[in-house]
Structures are given as C-alpha cells and as structure tokens.
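The file my_file-v8.txt contains compact mmCIF, C-alpha atoms:
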```
# COMPACT_ATOMS: atom_id res chain seq x y z
CA MET A 1 106.96 100.35 104.36
CA SER A 2 107.93 103.07 106.82
CA GLY A 3 107.67 100.44 109.57
CA LEU A 4 110.66 98.62 108.11
CA PHE A 5 112.91 101.41 109.25
CA SER A 6 112.13 100.78 112.90
CA TRP A 7 114.12 97.57 113.15
CA GLY A 8 117.05 95.80 111.73
CA GLY A 9 120.57 94.90 112.71
CA ARG A 10 122.36 91.92 114.10
CA LYS A 11 120.76 89.48 116.48
CA SER A 12 122.49 87.16 118.91
CA GLU A 13 122.70 83.58 117.71
CA GLU A 14 120.50 82.41 120.59
CA SER A 15 117.62 84.72 119.87
CA SER A 16 114.90 83.81 117.45
CA ALA A 17 113.75 86.04 114.63
CA ALA A 18 110.43 86.51 116.37
CA SER A 19 111.97 88.11 119.46
CA ALA A 20 112.38 91.80 120.17
CA PRO A 21 113.63 93.93 117.25
CA ALA A 22 117.38 93.78 116.75
CA ALA A 23 119.67 96.68 117.46
CA THR A 24 119.85 99.25 114.72
CA VAL A 25 122.68 98.79 112.22
CA PRO A 26 124.42 101.85 110.92
CA ALA A 27 122.72 103.37 107.91
CA VAL A 28 124.52 102.84 104.64
CA PRO A 29 124.82 105.96 102.50
CA ASP A 30 123.23 105.95 99.04
CA THR A 31 125.45 104.88 96.21
CA LEU A 32 125.11 105.66 92.55
CA THR A 33 125.95 102.98 90.05
CA THR A 34 126.10 102.98 86.28
CA SER A 35 124.21 100.17 84.63
CA LYS A 36 125.07 98.65 81.30
CA VAL A 37 122.23 96.16 81.28
CA PHE A 38 119.27 98.24 82.47
CA PRO A 39 119.16 100.31 79.26
CA ARG A 40 118.83 97.09 77.30
CA PHE A 41 115.98 95.99 79.55
CA MET A 42 114.22 99.29 78.82
CA THR A 43 114.80 98.86 75.09
CA ALA A 44 113.42 95.33 75.17
CA VAL A 45 110.29 96.37 77.06
CA ALA A 46 109.73 99.53 75.02
CA ARG A 47 109.16 97.42 71.92
CA GLU A 48 105.63 96.89 73.15
CA ALA A 49 103.24 99.81 72.67
CA THR A 50 101.75 99.44 76.13
CA PRO A 51 103.96 97.04 78.04
CA THR A 52 103.21 95.36 81.34
CA LEU A 53 105.93 95.34 83.97
CA LEU A 54 106.24 93.30 87.13
CA ASP A 55 108.35 94.87 89.88
CA LEU A 56 109.30 92.45 92.64
CA GLY A 57 110.78 95.16 94.84
CA PRO A 58 109.27 97.73 97.20
CA VAL A 59 107.38 100.52 95.50
CA VAL A 60 109.60 103.46 94.56
CA GLY A 61 107.51 106.45 93.56
CA THR A 62 110.08 107.97 91.24
CA ASN A 63 110.46 104.63 89.45
CA ILE A 64 106.73 104.55 88.83
CA THR A 65 106.96 108.05 87.37
CA PHE A 66 109.98 107.07 85.29
CA PHE A 67 108.37 103.98 83.80
CA GLY A 68 105.09 105.79 83.29
CA GLU A 69 106.70 108.61 81.37
CA ARG A 70 108.99 106.39 79.31
CA LEU A 71 106.71 103.47 78.64
CA ALA A 72 103.09 104.42 79.39
CA CYS A 73 102.95 100.99 80.91
CA LYS A 74 101.01 99.02 83.43
CA ILE A 75 103.10 98.05 86.45
CA PHE A 76 102.39 95.38 88.98
CA VAL A 77 104.19 95.97 92.27
CA ASP A 78 104.56 92.75 94.21
CA ASP A 79 107.03 93.53 96.94
CA LEU A 80 108.54 90.11 97.62
CA PHE A 81 111.07 91.63 100.02
CA ALA A 82 108.28 92.39 102.47
CA ASP A 83 107.36 88.70 102.50
CA ILE A 84 111.01 87.68 102.81
CA GLU A 85 111.42 89.96 105.80
CA ALA A 86 108.19 88.78 107.42
CA HIS A 87 109.31 85.17 107.22
CA ALA A 88 112.84 86.00 108.32
CA ARG A 89 111.53 87.70 111.44
CA THR A 90 109.25 84.85 112.40
CA GLY A 91 111.70 82.10 111.45
CA THR A 92 109.37 80.58 108.88
CA ARG A 93 111.56 80.72 105.81
CA GLU A 94 110.47 77.22 104.89
CA GLN A 95 107.03 78.63 104.05
CA LEU A 96 108.44 81.44 101.96
CA ALA A 97 108.30 79.68 98.59
CA THR A 98 104.61 78.93 99.00
CA ASP A 99 103.79 82.51 99.93
CA LEU A 100 105.86 84.03 97.14
CA LEU A 101 104.22 81.89 94.51
CA ALA A 102 100.78 82.60 95.94
CA ARG A 103 101.44 86.31 95.56
CA LEU A 104 102.21 86.02 91.84
CA THR A 105 98.71 85.41 90.54
CA HIS A 106 99.20 86.87 87.08
CA ASP A 107 98.26 84.85 84.02
CA ALA A 108 100.98 83.09 82.08
CA ASP A 109 102.59 84.89 79.15
CA THR A 110 101.26 88.31 80.19
CA ILE A 111 104.30 90.17 81.52
CA ASP A 112 106.66 92.02 79.20
CA GLY A 113 109.33 92.96 81.72
CA ILE A 114 110.21 91.64 85.18
CA LEU A 115 112.41 93.56 87.62
CA CYS A 116 113.86 91.05 90.07
CA TRP A 117 116.48 93.44 91.45
CA ASP A 118 118.52 91.34 93.93
CA VAL A 119 115.72 89.20 95.34
CA PHE A 120 117.54 85.95 94.62
CA ASP A 121 120.32 86.92 97.02
CA PHE A 122 117.83 86.47 99.85
CA LEU A 123 116.36 83.15 98.77
CA ASP A 124 117.68 79.64 99.30
CA LYS A 125 118.34 77.51 96.25
CA ALA A 126 114.99 75.72 96.21
CA THR A 127 112.95 78.89 96.75
CA GLY A 128 114.96 80.69 94.11
CA GLN A 129 114.37 77.94 91.60
CA ALA A 130 110.64 77.91 92.33
CA LEU A 131 110.48 81.67 91.83
CA ALA A 132 112.51 81.56 88.61
CA THR A 133 110.23 78.87 87.22
CA LYS A 134 107.19 80.97 88.00
CA LEU A 135 108.69 84.08 86.44
CA LYS A 136 109.50 82.20 83.25
CA GLU A 137 105.88 81.16 83.09
CA LEU A 138 104.60 84.72 83.51
CA LEU A 139 106.91 86.20 80.92
CA ARG A 140 105.47 86.86 77.50
CA PRO A 141 107.49 85.66 74.48
CA GLY A 142 109.90 88.47 73.68
CA GLY A 143 109.80 89.60 77.30
CA ALA A 144 112.78 90.42 79.50
CA VAL A 145 113.90 89.68 83.06
CA TYR A 146 116.38 91.97 84.81
CA GLY A 147 118.22 90.58 87.82
CA LEU A 148 121.14 91.40 90.08
CA PHE A 149 123.12 88.61 91.72
CA GLY A 150 125.71 89.20 94.42
CA THR A 151 128.91 87.22 94.18
CA THR A 152 130.40 87.58 97.66
CA PRO A 153 129.22 85.26 100.46
CA ILE A 154 128.51 87.89 103.09
CA GLU A 155 125.79 88.29 105.67
CA LEU A 156 123.15 90.65 104.34
CA THR A 157 121.88 93.15 106.89
CA HIS A 158 120.10 95.48 104.49
CA TYR A 159 117.73 95.33 101.58
CA THR A 160 118.27 97.77 98.73
CA ARG A 161 115.83 100.03 96.95
CA TYR A 162 116.98 100.52 93.39
CA ILE A 163 116.01 104.01 92.37
CA VAL A 164 116.16 104.62 88.64
CA GLU A 165 117.93 107.94 88.16
CA SER A 166 118.17 107.58 84.40
CA GLU A 167 118.20 104.78 81.86
CA ASP A 168 121.78 103.90 82.73
CA SER A 169 122.05 105.00 86.32
CA LEU A 170 120.66 103.50 89.51
CA ARG A 171 120.78 104.93 93.01
CA LEU A 172 121.04 102.28 95.69
CA ARG A 173 119.36 103.12 98.97
CA THR A 174 119.40 100.54 101.75
CA TYR A 175 117.03 99.78 104.57
CA PRO A 176 117.41 97.33 107.43
CA ALA A 177 116.85 93.61 107.03
CA THR A 178 116.85 90.67 109.37
CA PRO A 179 120.37 89.32 108.78
CA THR A 180 120.65 86.46 106.36
CA LYS A 181 123.51 84.85 104.52
CA ARG A 182 123.57 85.80 100.86
CA ASN A 183 122.74 82.93 98.55
CA VAL A 184 125.65 83.16 96.11
CA LEU A 185 124.92 81.62 92.74
CA LEU A 186 127.55 80.83 90.18
CA THR A 187 126.87 82.07 86.67
CA ARG A 188 126.06 78.56 85.51
CA ASP A 189 123.60 78.18 88.43
CA ILE A 190 121.87 81.40 87.44
CA ASN A 191 121.64 80.33 83.83
CA LYS A 192 120.36 76.92 84.84
CA MET A 193 117.74 78.49 87.09
CA PHE A 194 116.42 80.44 84.14
CA ASP A 195 116.81 77.58 81.74
CA GLY A 196 114.64 78.21 78.71
CA LEU A 197 115.44 81.93 78.64
CA THR A 198 118.33 83.38 76.69
CA VAL A 199 121.04 85.32 78.50
CA ALA A 200 121.00 88.53 76.50
CA GLU A 201 123.56 90.34 78.61
CA SER A 202 125.58 89.61 81.73
CA VAL A 203 127.98 92.09 83.26
CA LEU A 204 130.01 91.94 86.46
CA LEU A 205 129.81 95.36 88.06
CA LYS A 206 132.55 96.96 90.15
CA THR A 207 130.38 96.21 93.17
CA SER A 208 130.92 92.49 92.49
CA THR A 209 127.27 92.18 91.52
CA ARG A 210 126.35 90.34 88.36
CA GLU A 211 123.82 92.27 86.33
CA THR A 212 121.90 89.98 83.98
CA LEU A 213 119.23 90.34 81.34
CA PHE A 214 117.26 87.31 80.23
CA ARG A 215 114.97 87.18 77.21
CA LYS A 216 112.21 84.77 76.34
CA THR A 217 112.21 83.87 72.67
CA MET B 1 84.55 121.46 99.42
CA VAL B 2 82.87 118.93 101.68
CA ASN B 3 84.44 117.25 104.70
CA ILE B 4 83.38 113.94 106.19
CA GLY B 5 84.63 113.84 109.78
CA LYS B 6 86.48 110.99 111.41
CA SER B 7 83.54 109.80 113.43
CA VAL B 8 81.42 109.27 110.32
CA ILE B 9 80.90 105.80 108.89
CA ILE B 10 79.26 105.38 105.51
CA LYS B 11 78.36 102.10 103.89
CA GLY B 12 77.10 102.31 100.38
CA GLU B 13 77.62 104.53 97.37
CA LEU B 14 78.86 108.09 97.68
CA SER B 15 78.71 110.45 94.71
CA GLY B 16 78.92 114.18 94.23
CA SER B 17 79.82 117.23 92.21
CA GLU B 18 82.30 118.98 94.47
CA ASP B 19 85.64 118.23 96.07
CA LEU B 20 85.45 115.90 99.04
CA THR B 21 87.74 115.16 101.97
CA ILE B 22 87.11 112.03 103.97
CA GLU B 23 88.49 111.54 107.47
CA GLY B 24 86.01 108.85 108.42
CA GLN B 25 85.25 105.39 107.13
CA VAL B 26 83.60 104.56 103.84
CA GLU B 27 82.77 101.13 102.55
CA GLY B 28 81.31 100.66 99.08
CA LYS B 29 81.83 103.00 96.16
CA ILE B 30 82.89 106.62 95.78
CA GLU B 31 82.30 108.52 92.56
CA LEU B 32 83.40 112.15 91.98
CA LYS B 33 83.94 112.22 88.26
CA GLN B 34 84.71 115.94 87.99
CA ASN B 35 86.26 116.56 91.37
CA VAL B 36 89.11 115.85 93.75
CA LEU B 37 88.82 113.25 96.46
CA THR B 38 91.19 113.51 99.42
CA ILE B 39 91.48 110.67 101.90
CA GLY B 40 92.72 112.38 105.05
CA PRO B 41 95.22 110.85 107.49
CA ASN B 42 92.39 109.33 109.55
CA GLY B 43 90.41 108.13 106.57
CA LYS B 44 89.84 104.41 106.11
CA ILE B 45 88.29 103.43 102.84
CA LYS B 46 87.22 100.03 101.56
CA ALA B 47 85.75 101.02 98.27
CA GLN B 48 86.02 101.38 94.54
CA ILE B 49 86.98 104.99 93.81
CA LEU B 50 86.38 106.99 90.64
CA ALA B 51 87.35 110.65 90.62
CA LYS B 52 89.13 113.35 88.65
CA ALA B 53 92.04 113.25 91.09
CA VAL B 54 92.66 111.30 94.28
CA VAL B 55 95.00 112.21 97.13
CA VAL B 56 95.62 109.47 99.70
CA GLN B 57 96.94 110.36 103.13
CA GLY B 58 95.10 107.57 104.94
CA GLU B 59 94.23 104.02 104.11
CA VAL B 60 92.53 102.67 101.01
CA THR B 61 91.67 99.09 100.20
CA GLY B 62 90.19 98.97 96.77
CA ASN B 63 90.76 100.10 93.23
CA ILE B 64 91.26 103.75 92.35
CA SER B 65 90.52 105.20 88.94
CA ALA B 66 91.30 108.86 88.18
CA THR B 67 91.04 110.83 84.99
CA GLU B 68 93.93 113.11 85.97
CA ARG B 69 96.13 111.79 88.75
CA VAL B 70 96.55 109.71 91.88
CA ASP B 71 98.82 110.97 94.62
CA ILE B 72 99.77 108.71 97.55
CA ARG B 73 101.41 110.76 100.28
CA ASP B 74 104.05 109.51 102.67
CA ALA B 75 101.62 108.31 105.32
CA GLY B 76 99.22 106.89 102.76
CA SER B 77 98.52 103.23 102.19
CA VAL B 78 96.84 101.66 99.18
CA ASP B 79 96.13 98.00 98.54
CA GLY B 80 94.48 97.84 95.16
CA ASP B 81 94.85 98.78 91.54
CA LEU B 82 95.43 102.32 90.31
CA SER B 83 94.40 103.59 86.91
CA ALA B 84 95.42 107.16 86.03
CA PRO B 85 97.57 108.99 83.51
CA ARG B 86 99.79 110.27 86.31
CA VAL B 87 100.66 108.53 89.55
CA ALA B 88 102.85 109.90 92.33
CA ILE B 89 103.89 107.80 95.31
CA ALA B 90 105.86 109.47 98.09
CA ASP B 91 108.72 107.82 99.96
CA GLY B 92 107.30 106.00 102.94
CA ALA B 93 103.93 105.34 101.33
CA HIS B 94 102.67 101.79 101.24
CA PHE B 95 101.41 100.39 97.99
CA ARG B 96 100.62 96.97 96.73
CA GLY B 97 98.76 96.32 93.50
CA SER B 98 99.00 97.42 89.91
CA ILE B 99 99.45 100.85 88.38
CA ASP B 100 97.97 101.39 84.95
CA MET B 101 99.34 104.46 83.19
CA GLN B 102 98.71 103.16 79.74
CA LYS B 103 97.63 105.71 77.18
CA GLY B 104 93.88 106.03 77.13
CA GLY B 105 93.74 107.32 80.64
CA ALA B 106 91.59 106.02 83.43
CA LYS B 107 89.28 103.16 82.99
CA PRO B 108 86.47 102.27 85.35
CA ALA B 109 87.92 100.38 88.28
CA GLU B 110 87.16 96.84 87.26
CA HIS B 111 90.25 94.80 88.10
CA ARG B 112 90.52 92.79 91.27
CA PRO B 113 87.36 94.03 92.93
CA ALA B 114 87.87 95.32 96.43
CA ASP B 115 86.96 92.92 99.16
CA VAL B 116 83.89 94.91 100.12
CA LYS B 117 80.68 93.40 101.34
CA PRO B 118 77.62 95.64 101.13
CA ALA B 119 76.00 96.29 104.46
CA ALA B 120 73.04 94.07 105.15
CA THR B 121 70.94 96.83 106.59
CA THR B 122 68.77 99.10 104.44
CA ALA B 123 68.63 101.85 107.03
CA PRO B 124 70.95 104.83 106.65
CA SER B 125 74.30 104.00 108.18
CA THR B 126 75.31 105.08 111.62
CA THR B 127 76.64 108.58 111.89
CA THR B 128 77.48 110.78 114.76
CA SER B 129 77.93 114.04 112.92
CA PRO B 130 75.08 116.46 112.36
CA SER B 131 74.80 115.68 108.65
CA ALA B 132 75.57 112.42 106.89
CA THR B 133 74.86 113.72 103.42
CA PRO B 134 76.26 117.19 103.03
CA ALA B 135 74.94 119.32 100.20
CA GLY B 136 76.49 118.35 96.85
CA ILE B 137 77.20 114.79 97.95
CA ALA B 138 74.72 111.95 97.69
CA ALA B 139 75.02 108.82 99.72
CA THR B 140 73.08 105.75 98.77
CA PRO B 141 72.85 103.17 101.51
CA ALA B 142 73.91 99.71 100.49
CA ARG B 143 71.12 97.20 99.93
```

Translate the structure described by the file into structure tokens.
Amino acid sequence: MSGLFSWGGRKSEESSAASAPAATVPAVPDTLTTSKVFPRFMTAVAREATPTLLDLGPVVGTNITFFGERLACKIFVDDLFADIEAHARTGTREQLATDLLARLTHDADTIDGILCWDVFDFLDKATGQALATKLKELLRPGGAVYGLFGTTPIELTHYTRYIVESEDSLRLRTYPATPTKRNVLLTRDINKMFDGLTVAESVLLKTSTRETLFRKT
Amino acid sequence: MVNIGKSVIIKGELSGSEDLTIEGQVEGKIELKQNVLTIGPNGKIKAQILAKAVVVQGEVTGNISATERVDIRDAGSVDGDLSAPRVAIADGAHFRGSIDMQKGGAKPAEHRPADVKPAATTAPSTTTSPSATPAGIAATPAR
C-alpha cells in the first residue's frame, strides 16, 4: 500500500495509463465528517453475536481495532481499490469487473456487514451493477451494506481511506489515484442497483455525498 | 531468543520453546505455541504460523494464528488469514485476507491454506549459516 503514495496526479490526454507515473497532485488534508448512517450500520451488524464483515477498502489498522473491540468480529479485507488502480494504470478497465468478482470468493449468505465506502464512484455502470449483484448474494438475511455515493461529476484524482474515529465520526484521508471521472448515480439508480435490498437510511451529507444503508430482509 | 539470519533458507516444519526472529526464508510451518515470533524486515515466509504472538516486519504468505496478538508493522506485508484476539496493523502495512477476532481466541490456522509446496528433497535444506537448528528450535525437513 505504501507504493501507492509514489504516484498519482494528472496525465496528459495523449499518454496512456501504463506510461511513466503522473506528476504528483497536491496532498489533500484530512477532513473529519459526522456520519448519521454509520452508527445504524454498526447497530445492524452488532445484532449478531460474532458478525462477519467485508471491507472493500484498503486495510486501516485502527478500523480493524475498532471493529474488533466493538464487535469481536471476523473481517475480510478485499481492497478493491487496489484492483481499480491497477487496471486504471494499465488501461484495462474493461477487465475490472471480472477481476473484482473473482476476488469475492465468499459463500453466499455469509456476510453480515459490507463496507463499500465510495467504491462505486470509481466503477462504470456495468461494473457497478455486477459488483452490487455479487454483494447482494454474499449478504446474509438481516445483513447491512454501507455505501457512499458522490453526487458531483468531477474528475477523481484521489482515493479516500475512511478512518473510523468513533461510531458517528469518520476521518477522510486521501491518497493519489489515476484520474478517472466519477460515476455519478442518481438515487433511483443506486436503489435499482441494489434492487432486492431495503434502503434503511439515505442521507445527503454536506460534502454532497450520499450516505446509504441497505438491509437484506 | 533465537535468530535465523537472512542467508538461511528452511523448508519444512519449525517448532520451538523460545522466542524466534527470522530474517531468512521459511517455507512450510512454524509453531511457537508459548513464544513470540518476529519476522524481521528481510524475512520472507510462506508458511502456516502458530505462535503466542507474531510481529511482522517482512513478508508473510500464509495464515497466522496467535493466542495473544498479531502485529503488522509499517513495512510488513501479509497475504493470508489472521486469527488472534488482538490485531494491530500499522499505516503503510500491506494486508489482504481475513482477520478473525471472534471471541474464543485463536484457532489453528485452517482457512485458505497457504500456497506452500513441501520441498521434494528429504535432505536438510540448504543453509549457509553455522547452525541451521539453533538450540530450542527444531526443524523438520519437509518430506
């Protein structure tokens, strides 16, 4: 993961993603955000005595400690952002869906809580749908999916590590990404993507990010 | 405390009753039920690990089971499953796999076996240090 910090930034339109590393973009300072939905995710997952979580983001040591202390859980860390970046750099995004699904080898109906963070911002519509379908399959009845969806169509030059400071507070720490246009999904598109799950909570944050909790009945 | 230097390569099962630091390469299985295993910055391990506590500063491919804690330092890299009541992962560490902190503590590493092939040879593995099996540590060559 430390290798991710050695590149990033904007590339010229002529250059391919596989060429020399892009110029460094300015670091973005950490931001602290209050979450209204994350506490509900924790409540939903804590109903199980020994829940199983699936974290689709990069490993954050303090998050592991947090979940361990609160939930005494088992956590699968499947950093999909690493795969997204690998394909972005080599210009092979069309193979991304296949690789993402191949990474998620868990049995159906075995996961109590899934932390998507903002992964869908970095996926095209078809890849996002394929991932959502897979996640629905993995989720145990009664389980919960937590996701963040950006609403502004900007070029994304950073990924974000979401560091859980407390049950209702997340620290956002960015690291460089190969630039990609955010895949903005309307609320109805998000709900349709997770068709079959119930939208338990959906809040538009001051950062123009939609924070959503889905539940599987 | 026993040190295995970075020029040492062991293929097989390693077990012992004192703390162990590995800077070399080990492929197979490492068992230190009552002691601390440290994988140094130069250590490269492809093995199932069972210990009281494990500190990773190098590279581990395989499952780690600890009765007390697993600590992956900032230069450490683990691809495998962890089972321990306490797990600490420093910023900058690489990790991919599962982390089992469920009550009941460590279980024998049995999920997703490490992609380790036992060495075909029955002879003791190649070493370049004076002693391949320091006192307190037993190494069983792979079959």

_Based on only C-alpha atoms, which of the residues in chain B come within 10 Å of chain A? I want them as a PyMOL selection string._
chain B and resi 71-72+74-75+77+81-83+85-105

Keeping only C-alpha atoms, write the selected residues to a file as a compact mmCIF listing (two decimals), in the frame of the given file.
```txt
# COMPACT_ATOMS: atom_id res chain seq x y z
CA ASP B 71 98.82 110.97 94.62
CA ILE B 72 99.77 108.71 97.55
CA ASP B 74 104.05 109.51 102.67
CA ALA B 75 101.62 108.31 105.32
CA SER B 77 98.52 103.23 102.19
CA ASP B 81 94.85 98.78 91.54
CA LEU B 82 95.43 102.32 90.31
CA SER B 83 94.40 103.59 86.91
CA PRO B 85 97.57 108.99 83.51
CA ARG B 86 99.79 110.27 86.31
CA VAL B 87 100.66 108.53 89.55
CA ALA B 88 102.85 109.90 92.33
CA ILE B 89 103.89 107.80 95.31
CA ALA B 90 105.86 109.47 98.09
CA ASP B 91 108.72 107.82 99.96
CA GLY B 92 107.30 106.00 102.94
CA ALA B 93 103.93 105.34 101.33
CA HIS B 94 102.67 101.79 101.24
CA PHE B 95 101.41 100.39 97.99
CA ARG B 96 100.62 96.97 96.73
CA GLY B 97 98.76 96.32 93.50
CA SER B 98 99.00 97.42 89.91
CA ILE B 99 99.45 100.85 88.38
CA ASP B 100 97.97 101.39 84.95
CA MET B 101 99.34 104.46 83.19
CA GLN B 102 98.71 103.16 79.74
CA LYS B 103 97.63 105.71 77.18
CA GLY B 104 93.88 106.03 77.13
CA GLY B 105 93.74 107.32 80.64
```

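Atom to atom, atom CA of Gly58 of chain B and atom CA of Thr160 of chain A stand 25.9 Å apart.
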
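Minimum atom-to-atom distances from A:Arg188, A:Arg171, A:Arg182, A:Lys136 to Thr151 of chain A were compared using only C-alpha atoms, and the lowest value belongs to A:Arg182.
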
*Would you mind telling me which residue in B:Ile49, B:Ile22, B:Val54, B:Val8 lies nearest to Val36 of chain B when using only C-alpha atoms?*
B:Val54

*asked:* I'd like to know which of A:Thr174, A:Gly143, A:Asp189, A:Thr180 is closest to Arg40 of chain A, using all atoms listed in the file.
replied: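 Closest residue, counting all atoms listed in the file: A:Gly143.
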
_Which residues are close to Gly43 of chain B, i.e. within 12 Å by only C-alpha atoms, leaving aside same-chain residues fewer than 5 positions away? Reply as a VMD selection string._
chain B and resid 3 to 10 20 to 27 37 to 38 55 to 61 75 to 78

*asked:* Report, in Å with one decimal, the straight-line distance from atom CA of Val37 of chain A to atom CA of Phe194 of chain A.
replied: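 Atom-to-atom, atom CA of Val37 of chain A and atom CA of Phe194 of chain A are spaced 17.0 Å apart.
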
*Quick one: of A:Asp30, A:Ile190, A:Trp117, A:Gly150, who's nearest to Lys206 of chain A, counting all atoms listed in the file?*
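Answer, going by the shortest atom-to-atom distance: A:Gly150.
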
_One number please: atom CA of Ile163 of chain A to atom CA of Ala46 of chain A, in Å, one decimal._
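Rounded to one decimal, the two atoms are 19.0 Å apart.
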
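The shell of residues at most 9 Å from Lys33 of chain B, with all atoms listed in the file counted and near chain neighbours (fewer than 6 positions) removed, consists of Ser15, Gly16, Ser17, Leu50, Ala51, Lys52, Ala53, Ala66 and Thr67 of chain B.
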